[in-house]
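Asker: Contents of run_13.txt (compact mmCIF, C-alpha atoms) are given next:
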# COMPACT_ATOMS: atom_id res chain seq x y z
CA MET T 81 58.47 -138.45 -69.55
CA ASN T 82 60.90 -140.83 -67.86
CA PRO T 83 59.93 -144.34 -66.67
CA PHE T 84 59.61 -143.23 -63.04
CA GLN T 85 57.08 -140.57 -63.97
CA THR T 86 55.18 -143.11 -66.09
CA LEU T 87 54.98 -145.49 -63.13
CA ARG T 88 53.92 -142.66 -60.83
CA PHE T 89 51.07 -141.73 -63.16
CA ALA T 90 50.15 -145.41 -63.55
CA PHE T 91 49.95 -145.90 -59.79
CA GLY T 92 47.89 -142.73 -59.52
CA GLY T 93 45.47 -144.01 -62.15
CA LEU T 94 45.01 -147.30 -60.32
CA ALA T 95 44.63 -145.59 -56.95
CA ALA T 96 41.86 -143.37 -58.33
CA ASN T 97 39.63 -146.46 -58.65
CA LYS T 98 40.78 -148.70 -55.81
CA VAL T 99 37.82 -151.11 -55.81
CA ARG T 100 37.87 -151.59 -59.56
CA SER T 101 41.62 -152.14 -59.58
CA ALA T 102 41.41 -154.57 -56.65
CA LEU T 103 38.73 -156.67 -58.37
CA THR T 104 40.79 -156.81 -61.58
CA MET T 105 43.85 -157.92 -59.61
CA LEU T 106 41.71 -160.54 -57.89
CA GLY T 107 40.90 -162.11 -61.26
CA VAL T 108 44.60 -162.40 -62.09
CA LEU T 109 45.36 -163.62 -58.56
CA ILE T 110 42.84 -166.43 -58.85
CA GLY T 111 44.20 -167.46 -62.25
CA VAL T 112 47.84 -167.60 -61.14
CA ALA T 113 47.02 -169.35 -57.85
CA ALA T 114 44.84 -171.89 -59.71
CA VAL T 115 47.66 -172.75 -62.12
CA ILE T 116 50.18 -173.24 -59.31
CA LEU T 117 47.84 -175.20 -57.04
CA LEU T 118 46.29 -177.47 -59.66
CA LEU T 119 49.66 -178.39 -61.11
CA ALA T 120 50.95 -178.94 -57.55
CA VAL T 121 48.02 -181.26 -56.82
CA GLY T 122 48.73 -183.22 -60.01
CA ASN T 123 52.41 -183.46 -59.11
CA GLY T 124 51.60 -184.40 -55.51
CA SER T 125 49.25 -187.14 -56.67
CA SER T 126 51.97 -188.50 -58.94
CA GLN T 127 54.53 -188.44 -56.14
CA ALA T 128 52.19 -190.22 -53.72
CA VAL T 129 51.48 -193.02 -56.20
CA LYS T 130 55.18 -193.29 -57.04
CA ASP T 131 56.11 -193.55 -53.36
CA SER T 132 53.46 -196.22 -52.79
CA ILE T 133 54.74 -198.27 -55.72
CA GLU T 134 58.38 -197.91 -54.68
CA LYS T 135 57.54 -199.02 -51.15
CA LEU T 136 56.75 -202.45 -52.57
CA GLY T 137 60.44 -202.80 -53.43
CA THR T 138 62.31 -202.44 -56.71
CA ASN T 139 62.66 -206.21 -57.15
CA ALA T 140 59.03 -207.18 -56.50
CA LEU T 141 56.90 -208.77 -59.21
CA THR T 142 53.17 -209.43 -59.11
CA VAL T 143 51.56 -212.31 -61.00
CA SER T 144 47.84 -211.77 -61.60
CA SER T 145 45.36 -214.28 -62.98
CA GLY T 146 42.63 -213.79 -65.56
CA SER T 147 41.79 -214.11 -69.24
CA GLY T 148 42.33 -211.39 -71.78
CA PHE T 149 45.87 -210.40 -70.71
CA GLY T 150 47.19 -211.88 -73.93
CA SER T 151 45.72 -211.96 -77.39
CA SER T 152 45.73 -214.53 -80.11
CA ARG T 153 47.52 -214.06 -83.39
CA SER T 154 44.24 -212.97 -84.93
CA GLY T 155 43.98 -210.19 -82.36
CA SER T 156 41.10 -211.57 -80.31
CA ALA T 157 41.44 -211.80 -76.52
CA THR T 158 41.77 -215.18 -74.88
CA ALA T 159 38.35 -215.92 -73.39
CA SER T 160 38.37 -219.67 -72.83
CA GLY T 161 40.67 -222.27 -71.28
CA THR T 162 41.79 -219.90 -68.55
CA LYS T 163 43.41 -221.56 -65.56
CA PRO T 164 43.44 -219.70 -62.23
CA LEU T 165 46.61 -219.29 -60.22
CA THR T 166 47.08 -221.85 -57.47
CA VAL T 167 49.37 -222.61 -54.56
CA GLU T 168 50.97 -225.28 -56.75
CA ASP T 169 51.88 -222.58 -59.28
CA ALA T 170 53.60 -220.66 -56.49
CA ARG T 171 55.52 -223.76 -55.42
CA ALA T 172 56.68 -224.32 -58.99
CA LEU T 173 57.96 -220.75 -59.13
CA ALA T 174 59.85 -221.28 -55.88
CA ASP T 175 61.87 -224.12 -57.44
CA PRO T 176 65.43 -222.72 -57.81
CA SER T 177 66.25 -225.11 -60.64
CA ALA T 178 63.39 -223.76 -62.75
CA ALA T 179 63.64 -220.11 -61.66
CA PRO T 180 67.14 -219.24 -60.35
CA HIS T 181 66.44 -215.49 -60.43
CA ILE T 182 63.57 -215.80 -57.93
CA GLU T 183 64.38 -215.26 -54.25
CA SER T 184 60.98 -215.99 -52.69
CA VAL T 185 57.34 -216.53 -53.58
CA ALA T 186 54.19 -215.63 -51.63
CA PRO T 187 50.75 -216.66 -52.93
CA GLU T 188 47.94 -214.40 -51.75
CA VAL T 189 44.21 -214.64 -51.19
CA THR T 190 42.36 -211.46 -50.27
CA THR T 191 39.00 -210.67 -48.78
CA SER T 192 37.31 -208.06 -46.60
CA GLN T 193 35.99 -208.83 -43.13
CA THR T 194 34.68 -207.06 -40.05
CA ALA T 195 36.93 -207.17 -36.98
CA LEU T 196 35.66 -206.93 -33.38
CA TYR T 197 37.52 -206.14 -30.17
CA GLU T 198 35.77 -205.47 -26.85
CA GLY T 199 32.69 -203.96 -28.48
CA THR T 200 34.61 -201.98 -31.11
CA SER T 201 33.85 -202.89 -34.73
CA HIS T 202 36.00 -202.08 -37.74
CA THR T 203 35.65 -203.21 -41.36
CA VAL T 204 39.12 -204.13 -42.53
CA GLY T 205 39.83 -202.94 -46.07
CA GLN T 206 41.95 -205.95 -46.97
CA VAL T 207 42.48 -209.30 -45.28
CA VAL T 208 45.46 -211.07 -46.85
CA GLY T 209 46.25 -214.75 -46.49
CA THR T 210 49.84 -215.45 -47.48
CA TYR T 211 53.29 -216.82 -46.54
CA PRO T 212 55.97 -215.07 -44.41
CA ALA T 213 57.88 -214.23 -47.62
CA TYR T 214 55.12 -211.67 -48.32
CA PHE T 215 56.52 -209.23 -45.77
CA LYS T 216 59.98 -208.96 -47.32
CA ALA T 217 58.73 -208.97 -50.91
CA SER T 218 56.19 -206.21 -50.20
CA ASN T 219 58.63 -204.24 -48.04
CA SER T 220 56.27 -204.48 -45.05
CA LYS T 221 58.11 -203.93 -41.78
CA VAL T 222 56.75 -204.46 -38.28
CA ALA T 223 56.72 -201.59 -35.81
CA LYS T 224 55.62 -203.74 -32.85
CA GLY T 225 55.74 -207.47 -32.20
CA ASP T 226 56.90 -209.82 -34.95
CA TYR T 227 55.85 -211.56 -38.17
CA PHE T 228 54.13 -214.93 -38.16
CA SER T 229 56.39 -217.84 -39.10
CA GLY T 230 56.45 -220.78 -41.48
CA ASP T 231 55.40 -223.04 -38.60
CA ASP T 232 52.30 -220.87 -38.15
CA VAL T 233 51.46 -221.51 -41.81
CA LEU T 234 52.02 -225.27 -41.56
CA ALA T 235 49.92 -225.48 -38.38
CA SER T 236 47.23 -223.10 -39.73
CA ARG T 237 47.45 -221.04 -36.56
CA LYS T 238 45.00 -218.18 -36.07
CA VAL T 239 47.58 -215.42 -35.78
CA ALA T 240 47.71 -212.11 -37.62
CA VAL T 241 49.84 -209.07 -38.31
CA ILE T 242 47.76 -205.91 -38.65
CA GLY T 243 48.30 -202.50 -40.25
CA SER T 244 48.64 -199.26 -38.30
CA THR T 245 45.19 -197.98 -39.36
CA THR T 246 43.53 -201.23 -38.30
CA ALA T 247 45.37 -201.11 -34.97
CA ALA T 248 44.33 -197.51 -34.27
CA ASP T 249 40.68 -197.97 -35.27
CA LEU T 250 40.19 -201.29 -33.48
CA PHE T 251 42.43 -201.09 -30.41
CA GLY T 252 42.73 -197.35 -29.90
CA THR T 253 45.68 -196.53 -27.64
CA ALA T 254 46.04 -200.11 -26.35
CA ASP T 255 48.96 -202.25 -27.54
CA PRO T 256 47.43 -204.84 -29.91
CA VAL T 257 50.29 -207.34 -29.66
CA GLY T 258 49.17 -210.45 -27.80
CA ARG T 259 45.49 -209.42 -27.80
CA LYS T 260 42.71 -211.35 -29.51
CA MET T 261 40.28 -209.94 -32.04
CA VAL T 262 37.40 -211.65 -33.80
CA LEU T 263 37.74 -211.42 -37.58
CA GLY T 264 34.67 -212.50 -39.52
CA GLY T 265 33.59 -214.71 -36.63
CA THR T 266 37.04 -216.33 -36.19
CA PRO T 267 39.31 -215.38 -33.26
CA PHE T 268 42.84 -214.25 -34.20
CA THR T 269 45.76 -213.38 -31.94
CA VAL T 270 47.66 -210.27 -33.02
CA VAL T 271 51.41 -211.01 -33.14
CA GLY T 272 52.60 -207.80 -34.81
CA VAL T 273 51.71 -204.33 -36.05
CA LEU T 274 53.10 -203.12 -39.38
CA ALA T 275 54.88 -199.79 -39.74
CA ALA T 276 52.74 -197.16 -41.47
CA LYS T 277 53.22 -196.89 -45.22
CA GLY T 278 50.85 -194.04 -45.92
CA GLY T 279 49.58 -193.23 -49.37
CA THR T 280 46.53 -191.85 -51.13
CA GLY T 281 43.69 -193.40 -53.03
CA PHE T 282 40.52 -195.33 -52.38
CA GLN T 283 42.27 -198.06 -50.36
CA ASP T 284 44.36 -197.34 -47.29
CA PRO T 285 47.48 -199.56 -47.45
CA ASP T 286 47.66 -199.49 -43.64
CA ASP T 287 44.14 -200.86 -43.20
CA VAL T 288 45.15 -204.51 -43.56
CA VAL T 289 45.25 -207.81 -41.71
CA VAL T 290 47.86 -210.36 -42.84
CA ALA T 291 47.47 -213.97 -41.68
CA PRO T 292 48.72 -217.44 -42.70
CA LEU T 293 47.36 -218.54 -46.07
CA PRO T 294 45.69 -221.84 -44.98
CA THR T 295 44.06 -220.07 -42.01
CA VAL T 296 42.40 -217.45 -44.24
CA GLN T 297 41.44 -220.08 -46.80
CA ASN T 298 39.86 -222.29 -44.15
CA ALA T 299 37.98 -219.43 -42.50
CA PHE T 300 36.96 -217.24 -45.45
CA THR T 301 37.95 -217.99 -49.04
CA GLY T 302 38.12 -221.76 -49.38
CA PHE T 303 40.96 -223.86 -50.75
CA GLY T 304 40.69 -222.91 -54.40
CA SER T 305 42.63 -220.46 -56.51
CA VAL T 306 44.74 -217.61 -55.17
CA SER T 307 44.20 -213.95 -55.97
CA GLN T 308 47.78 -213.30 -57.03
CA ILE T 309 51.35 -214.39 -56.43
CA LEU T 310 53.94 -211.95 -55.11
CA VAL T 311 57.43 -212.80 -56.31
CA GLU T 312 60.73 -211.35 -55.08
CA ALA T 313 63.63 -211.40 -57.53
CA THR T 314 67.15 -212.00 -56.24
CA SER T 315 68.00 -208.36 -57.05
CA ALA T 316 66.63 -205.35 -58.87
CA GLU T 317 68.81 -206.21 -61.85
CA ALA T 318 67.37 -209.75 -61.93
CA THR T 319 63.73 -208.71 -62.35
CA ALA T 320 63.81 -209.13 -66.14
CA GLY T 321 65.22 -212.64 -65.78
CA ALA T 322 62.72 -213.49 -63.06
CA GLN T 323 59.85 -212.20 -65.20
CA SER T 324 60.96 -214.41 -68.10
CA GLU T 325 61.23 -217.44 -65.78
CA ILE T 326 57.74 -216.82 -64.36
CA THR T 327 56.29 -216.71 -67.86
CA THR T 328 58.08 -219.91 -68.89
CA VAL T 329 57.09 -221.86 -65.77
CA LEU T 330 53.43 -220.80 -65.81
CA MET T 331 53.06 -221.37 -69.56
CA GLY T 332 54.23 -224.92 -68.97
CA ARG T 333 51.88 -225.48 -66.03
CA HIS T 334 48.89 -223.93 -67.80
CA GLY T 335 49.55 -225.72 -71.09
CA ILE T 336 50.00 -222.50 -73.05
CA LYS T 337 52.11 -222.67 -76.20
CA ASP T 338 51.36 -219.27 -77.70
CA PRO T 339 53.05 -216.39 -75.76
CA ALA T 340 50.36 -214.09 -77.13
CA ALA T 341 47.60 -216.08 -75.43
CA LEU T 342 48.64 -215.87 -71.77
CA ASP T 343 46.02 -216.24 -69.04
CA PHE T 344 48.15 -214.37 -66.50
CA ARG T 345 50.02 -211.09 -66.28
CA VAL T 346 53.38 -210.32 -64.68
CA SER T 347 53.75 -206.75 -63.46
CA SER T 348 56.96 -205.15 -62.22
CA GLN T 349 57.34 -201.92 -60.27
CA GLU T 350 59.12 -200.38 -63.25
CA SER T 351 56.18 -201.04 -65.56
CA LEU T 352 53.76 -199.66 -62.97
CA LEU T 353 55.86 -196.51 -62.59
CA THR T 354 56.00 -196.05 -66.38
CA THR T 355 52.22 -196.40 -66.69
CA GLN T 356 51.66 -194.08 -63.75
CA ALA T 357 54.02 -191.45 -65.18
CA SER T 358 52.20 -191.47 -68.51
CA THR T 359 48.80 -191.19 -66.85
CA ASN T 360 49.96 -188.41 -64.56
CA LYS T 361 51.38 -186.41 -67.46
CA THR T 362 47.98 -186.38 -69.14
CA PHE T 363 46.28 -185.56 -65.83
CA THR T 364 48.66 -182.67 -65.10
CA VAL T 365 48.28 -181.20 -68.60
CA LEU T 366 44.49 -181.32 -68.20
CA LEU T 367 44.68 -179.55 -64.84
CA GLY T 368 47.02 -176.93 -66.29
CA ALA T 369 44.65 -176.30 -69.21
CA VAL T 370 41.71 -175.83 -66.84
CA ALA T 371 43.72 -173.43 -64.69
CA ALA T 372 44.89 -171.48 -67.76
CA ILE T 373 41.26 -170.60 -68.49
CA SER T 374 41.24 -168.62 -65.23
CA LEU T 375 44.24 -166.61 -66.45
CA LEU T 376 42.47 -165.96 -69.75
CA VAL T 377 39.39 -164.70 -67.91
CA GLY T 378 41.64 -162.42 -65.85
CA GLY T 379 43.14 -161.02 -69.07
CA ILE T 380 39.69 -160.29 -70.49
CA GLY T 381 38.89 -158.52 -67.23
CA ILE T 382 41.95 -156.31 -67.67
CA THR T 383 40.80 -155.38 -71.19
CA ASN T 384 37.32 -154.41 -69.99
CA ILE T 385 38.60 -152.35 -67.07
CA MET T 386 41.17 -150.52 -69.19
CA LEU T 387 38.55 -149.73 -71.85
CA VAL T 388 36.35 -148.21 -69.15
CA THR T 389 39.34 -146.28 -67.81
CA VAL T 390 40.17 -144.89 -71.25
CA THR T 391 36.55 -143.78 -71.72
CA GLU T 392 36.44 -142.08 -68.32
CA ARG T 393 39.74 -140.27 -68.89
CA THR T 394 39.18 -139.18 -72.47
CA ARG T 395 39.23 -135.44 -71.61
CA GLU T 396 42.44 -135.93 -69.61
CA ILE T 397 44.03 -137.63 -72.62
CA GLY T 398 42.89 -134.75 -74.85
CA ILE T 399 44.39 -132.12 -72.54
CA ARG T 400 47.71 -133.96 -72.33
CA LYS T 401 47.90 -134.38 -76.11
CA ALA T 402 46.90 -130.73 -76.64
CA ILE T 403 49.84 -129.52 -74.54
CA GLY T 404 52.27 -131.69 -76.48
CA ALA T 405 52.25 -135.18 -74.95
CA PRO T 406 53.45 -137.57 -77.68
CA ARG T 407 51.59 -140.76 -78.62
CA GLY T 408 54.24 -142.93 -76.98
CA VAL T 409 53.72 -141.30 -73.57
CA ILE T 410 49.97 -141.96 -73.60
CA LEU T 411 50.52 -145.50 -74.85
CA GLY T 412 53.17 -146.15 -72.20
CA GLN T 413 51.01 -144.85 -69.36
CA PHE T 414 48.05 -147.10 -70.07
CA LEU T 415 50.27 -150.10 -70.83
CA ALA T 416 51.99 -149.48 -67.50
CA GLU T 417 48.64 -149.46 -65.71
CA SER T 418 47.50 -152.74 -67.27
CA THR T 419 50.89 -154.34 -66.61
CA LEU T 420 50.84 -153.20 -62.99
CA LEU T 421 47.41 -154.78 -62.55
CA SER T 422 48.71 -158.14 -63.78
CA LEU T 423 52.07 -157.74 -62.02
CA ILE T 424 50.56 -157.10 -58.58
CA GLY T 425 47.76 -159.63 -59.11
CA GLY T 426 50.27 -162.22 -60.33
CA GLY T 427 52.56 -161.63 -57.34
CA LEU T 428 49.68 -162.05 -54.92
CA GLY T 429 48.58 -165.15 -56.86
CA VAL T 430 52.04 -166.69 -56.45
CA ALA T 431 51.90 -166.02 -52.71
CA ALA T 432 48.40 -167.51 -52.46
CA GLY T 433 49.44 -170.57 -54.46
CA LEU T 434 52.52 -171.21 -52.32
CA ILE T 435 50.55 -170.77 -49.09
CA GLY T 436 47.76 -173.05 -50.35
CA SER T 437 50.27 -175.75 -51.24
CA HIS T 438 51.01 -176.23 -47.54
CA PHE T 439 47.51 -177.66 -47.02
CA THR T 440 46.23 -181.11 -47.96
CA ILE T 441 43.75 -180.93 -50.84
CA VAL T 442 41.28 -183.81 -51.39
CA GLY T 443 43.62 -186.08 -49.47
CA ILE T 444 46.68 -185.10 -51.54
CA LYS T 445 49.68 -183.13 -50.33
CA PRO T 446 50.49 -180.69 -53.19
CA VAL T 447 54.07 -180.61 -54.44
CA VAL T 448 54.84 -177.27 -56.10
CA ILE T 449 56.57 -177.35 -59.49
CA PRO T 450 59.04 -174.39 -59.56
CA GLU T 451 58.57 -173.99 -63.30
CA SER T 452 54.81 -173.52 -62.79
CA VAL T 453 55.43 -170.61 -60.40
CA VAL T 454 57.76 -168.81 -62.82
CA GLY T 455 55.59 -169.67 -65.82
CA ALA T 456 52.30 -168.58 -64.25
CA PHE T 457 53.77 -165.26 -63.12
CA ALA T 458 55.40 -164.59 -66.50
CA ILE T 459 52.17 -165.43 -68.33
CA ALA T 460 50.24 -163.11 -66.02
CA VAL T 461 52.57 -160.21 -66.85
CA ALA T 462 52.41 -161.05 -70.56
CA ILE T 463 48.61 -161.09 -70.34
CA GLY T 464 48.71 -157.59 -68.86
CA LEU T 465 50.76 -156.36 -71.80
CA PHE T 466 48.71 -158.22 -74.41
CA PHE T 467 45.22 -157.48 -73.14
CA GLY T 468 46.15 -153.93 -72.16
CA GLY T 469 47.54 -153.23 -75.62
CA TYR T 470 44.22 -152.55 -77.33
CA PRO T 471 42.88 -150.06 -74.75
CA ALA T 472 46.28 -148.33 -74.56
CA ASN T 473 46.49 -148.04 -78.34
CA ARG T 474 42.95 -146.71 -78.45
CA ALA T 475 43.83 -144.04 -75.91
CA ALA T 476 47.00 -143.06 -77.77
CA SER T 477 45.11 -142.82 -81.08
CA LEU T 478 42.54 -140.31 -79.85
CA ARG T 479 42.59 -136.94 -81.64
CA PRO T 480 43.00 -134.04 -79.18
CA ILE T 481 39.98 -132.08 -80.45
CA GLU T 482 37.64 -135.07 -80.27
CA ALA T 483 38.97 -136.00 -76.83
CA LEU T 484 38.40 -132.48 -75.47
CA ARG T 485 34.83 -132.47 -76.77
CA HIS T 486 34.09 -135.75 -74.93
CA GLU T 487 31.58 -135.34 -72.09
Give the structure from this file in C-alpha cells form.

Answerer:
Amino acid sequence: MNPFQTLRFAFGGLAANKVRSALTMLGVLIGVAAVILLLAVGNGSSQAVKDSIEKLGTNALTVSSGSGFGSSRSGSATASGTKPLTVEDARALADPSAAPHIESVAPEVTTSQTALYEGTSHTVGQVVGTYPAYFKASNSKVAKGDYFSGDDVLASRKVAVIGSTTAADLFGTADPVGRKMVLGGTPFTVVGVLAAKGGTGFQDPDDVVVAPLPTVQNAFTGFGSVSQILVEATSAEATAGAQSEITTVLMGRHGIKDPAALDFRVSSQESLLTTQASTNKTFTVLLGAVAAISLLVGGIGITNIMLVTVTERTREIGIRKAIGAPRGVILGQFLAESTLLSLIGGGLGVAAGLIGSHFTIVGIKPVVIPESVVGAFAIAVAIGLFFGGYPANRAASLRPIEALRHE
C-alpha cells in the first residue's frame, strides 16, 4: 500500500466518526493555541515594561531613599541612622565640580489627590512636585501648551502640566490649557498637557499632574524629605560615572563611610531592564509549562480515541490481515490517523493562536514568538505519533483468527 492509499484510508477512518474526531482535534487545538497565546502574553508583558522603562531615557538615574538598601559587613541590613533625601541633597548633586557627569537634577515629592473641574471629579494617580529638569530627564514631552519654568518654581506658582489620561477624564473634549482645576482644595492653572506614554500595570503613567516642587510641598506634602531624586547623566555612556558620583556625594552628605551600609539606592534604566528581563524569563517559562499541560491532555485524548477505534475495527483488522495485509500496513494506517488528528488540530490551533494574539488580553497586547508557533505545531505532530504509537502497535499485533472472532 502506497502512502496515498494509507492517507486515503486514514481520512476515511476519521470521517467515519466525525464528532469523535472533531472533539479530539479540539483538545489539540486548545493545547497549541494556549501555548502560542500564553507565551505571546508573557512576551507582550515584557515588551510593554521594556518600552515603559526605555521611555524614561537611557541616561536617566533614580535615587531612592530608605534603609536596608545596603548591608553591613556582618550581613545585617542597615536599620538605624537613615537620613531621608532632601532638596539640599539634590542641590549638592547638581554641583558640576562634585558631579561633572550629571546634566540635571530634579527632586520629586509624590502624592495622590482628587481633581475637580466644573462638577467633574477625578482621582489623579500621581501628583508630582518637581523642577523643570524632570521633563527632560523623564523623557516627558508636551503635546499641548508648555512646561512650567524655573520662575514658576521660585515664585511657587500654582501651575501644572497634566497627563493625557487626566486631561481626558477631567476635561473631556475641552482644551485644558489655560483652564483652572481644583486639586486637593487648591486651584491650579493647567499650562500644558503631556504626550501619551502608554504602558501596562497597576499605575497609568498618563494619569499624572506635575507641578512646581514648593507649590506641592506647601499644599500637600510639607517641606520635609523628598520621595526620590531624578538625575540625568550627560550621556548614556556617562551613566556609570554619574552613578559613582551620586554615591560619593550622598555618602559624604549622609556621613556614611561603609559603602555596604548605604541608606539610598541608585537605579539606572539598564539595571531595571536586566531585572525585568530575568523576571520575565521566569514568568514566560511558567506560562509555557502551564500551556504544555494542555498539549499533554490532548495527547492522552488521542490515545483514548485511537484505542476505542482499534477496538471497534478489530474485525476489519482481522479481515485485512487474513487476506495478506502486512503488519507495517496496519501500523501505518493507525499511525496516520493519529498523526492526522494532531496535524489538523495543531494547524487549527496555530490559526486560533495567531487570531487571538490580535486582541488585548488582561490589558496586555500579545506579541507572538515565532519559535513558539513552530515549536507548538511540531510538538503537536510529535504527540500524535507518540500517543498514537501504542494503539497502532496494538492493532498491528492482533492475530487474524482472534480478530475475526471479535464481536

Asker: Can you tell me how far atom CA of Met331 of chain T sits from atom CA of Arg345 of chain T, in Å to one decimal?

Answerer: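 Atom CA of Arg345 of chain T lies 11.2 Å from atom CA of Met331 of chain T.
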
Asker: List as an MDAnalysis selection string the protein and nucleic acid residues near Val306 of chain T, meaning an atom at most 6 Å away when only C-alpha atoms are counted, but skip any in the same chain fewer than 6 places from it.

Answerer: chainID T and resid 165:166 188:189

Asker: I want to know what sits within 7 Å of segment 287-293 of chain T, based on all atoms listed in the file, with residues of the same chain fewer than 2 positions away left out; could you give that as a list in words?

Answerer: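 With the cut-off at 7 Å, the set is Val204, Gly205, Gln206, Val207, Val208, Gly209, Thr210, Tyr211, Asp232, Val233, Ser236, Val239, Ala240, Val241, Ile242, Gly243, Ser244, Thr245, Thr246, Asp284, Pro285, Thr295, Val296 and Gln297 of chain T.
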
Asker: What is the distance, in Å and to one decimal place, between atom CA of Ser348 of chain T and atom CA of Ser307 of chain T?

Answerer: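 Going from atom CA of Ser348 of chain T over to atom CA of Ser307 of chain T covers 16.7 Å.
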
Asker: Using all atoms listed in the file, can you list as a CSV table (one decimal) with C-alpha atoms, keeping the file's coordinate frame the residues within 12 Å of (61.3, -206.9, -34.6)?

Answerer:
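Saved result, point_10.csv, follows:
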chain,number,residue,atom,x,y,z
T,220,SER,CA,56.3,-204.5,-45.0
T,221,LYS,CA,58.1,-203.9,-41.8
T,222,VAL,CA,56.8,-204.5,-38.3
T,223,ALA,CA,56.7,-201.6,-35.8
T,224,LYS,CA,55.6,-203.7,-32.8
T,225,GLY,CA,55.7,-207.5,-32.2
T,226,ASP,CA,56.9,-209.8,-35.0
T,227,TYR,CA,55.8,-211.6,-38.2
T,228,PHE,CA,54.1,-214.9,-38.2
T,271,VAL,CA,51.4,-211.0,-33.1
T,272,GLY,CA,52.6,-207.8,-34.8
T,273,VAL,CA,51.7,-204.3,-36.0
T,274,LEU,CA,53.1,-203.1,-39.4
T,275,ALA,CA,54.9,-199.8,-39.7

Asker: Would you mind telling me which residue in T:Phe303, T:Leu196, T:Gln308, T:Val121 lies nearest to Ser145 of chain T when using all atoms listed in the file?

Answerer: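 That would be T:Gln308, the residue with the smallest distance to Ser145 of chain T.
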
Asker: For segment 420-426 of chain T, list every protein, DNA or RNA residue within 8 Å, evaluated using only C-alpha atoms, and leave out those in the same chain fewer than 4 positions away; present the list as a ChimeraX atom specification.

Answerer: /T:90,101,104-109,112,382,416,430,456-457,460-461,463-464

Asker: Hey, can you check how far atom CA of Asp338 of chain T sits from atom CA of Pro176 of chain T?

Answerer: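 Atom CA of Pro176 of chain T lies 24.6 Å from atom CA of Asp338 of chain T.
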
Asker: Could you list, as a PDB file with C-alpha atoms, keeping the file's coordinate frame, every residue within 9 Å of Ser125 of chain T, counting all atoms listed in the file and ignoring same-chain residues fewer than 6 positions away?

Answerer:
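File produced: out07.pdb:
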ATOM      1  CA  THR T 280      46.530-191.850 -51.130  1.00  0.00           C
ATOM      2  CA  ASN T 360      49.960-188.410 -64.560  1.00  0.00           C
ATOM      3  CA  ILE T 444      46.680-185.100 -51.540  1.00  0.00           C
ATOM      4  CA  LYS T 445      49.680-183.130 -50.330  1.00  0.00           C
ATOM      5  CA  PRO T 446      50.490-180.690 -53.190  1.00  0.00           C
ATOM      6  CA  VAL T 447      54.070-180.610 -54.440  1.00  0.00           C
TER       7      VAL T 447
END

Asker: Report as a list in words all protein, DNA and RNA residues lying within 9 Å of Asp169 of chain T, evaluated on only C-alpha atoms, omitting residues in the same chain fewer than 5 positions from it.

Answerer: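 The contact residues come out as Ala174, Pro187, Ile309, Val329, Leu330 and Arg333 of chain T.
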
Asker: Build an axis-aligned box that encloses every atom of segment 385-389 of chain T listed in the file, pad it by 5 Å on each side, and report its centre and edge lengths in Å to one decimal, as JSON.

Answerer:
{"center_x": 38.8, "center_y": -149.3, "center_z": -69.5, "size_x": 14.8, "size_y": 16.1, "size_z": 14.8}

Asker: Please, which residues are within 10 Å of (43.5, -174.3, -63.1) by the file's coordinates, counting all atoms listed in the file, and could they come as a count of residues only?

Answerer: 20

Asker: Between T:His438, T:Lys163, T:Arg400, T:Lys277, which is the closest to Gln413 of chain T once you count only C-alpha atoms?

Answerer: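 Result for the nearest residue to Gln413 of chain T: T:Arg400.
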
Asker: Between T:Ile449, T:Leu387, T:Ala475, T:Leu376, single out the one closest to Leu411 of chain T, counting all atoms listed in the file.

Answerer: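 Among the listed residues, T:Ala475 lies closest to Leu411 of chain T.
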
Asker: Using all atoms listed in the file, which of T:Asp175, T:Leu263, T:Phe467, T:Ile182 sits nearest Val377 of chain T?

Answerer: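 Residue with the minimum atom-to-atom distance to Val377 of chain T: T:Phe467.
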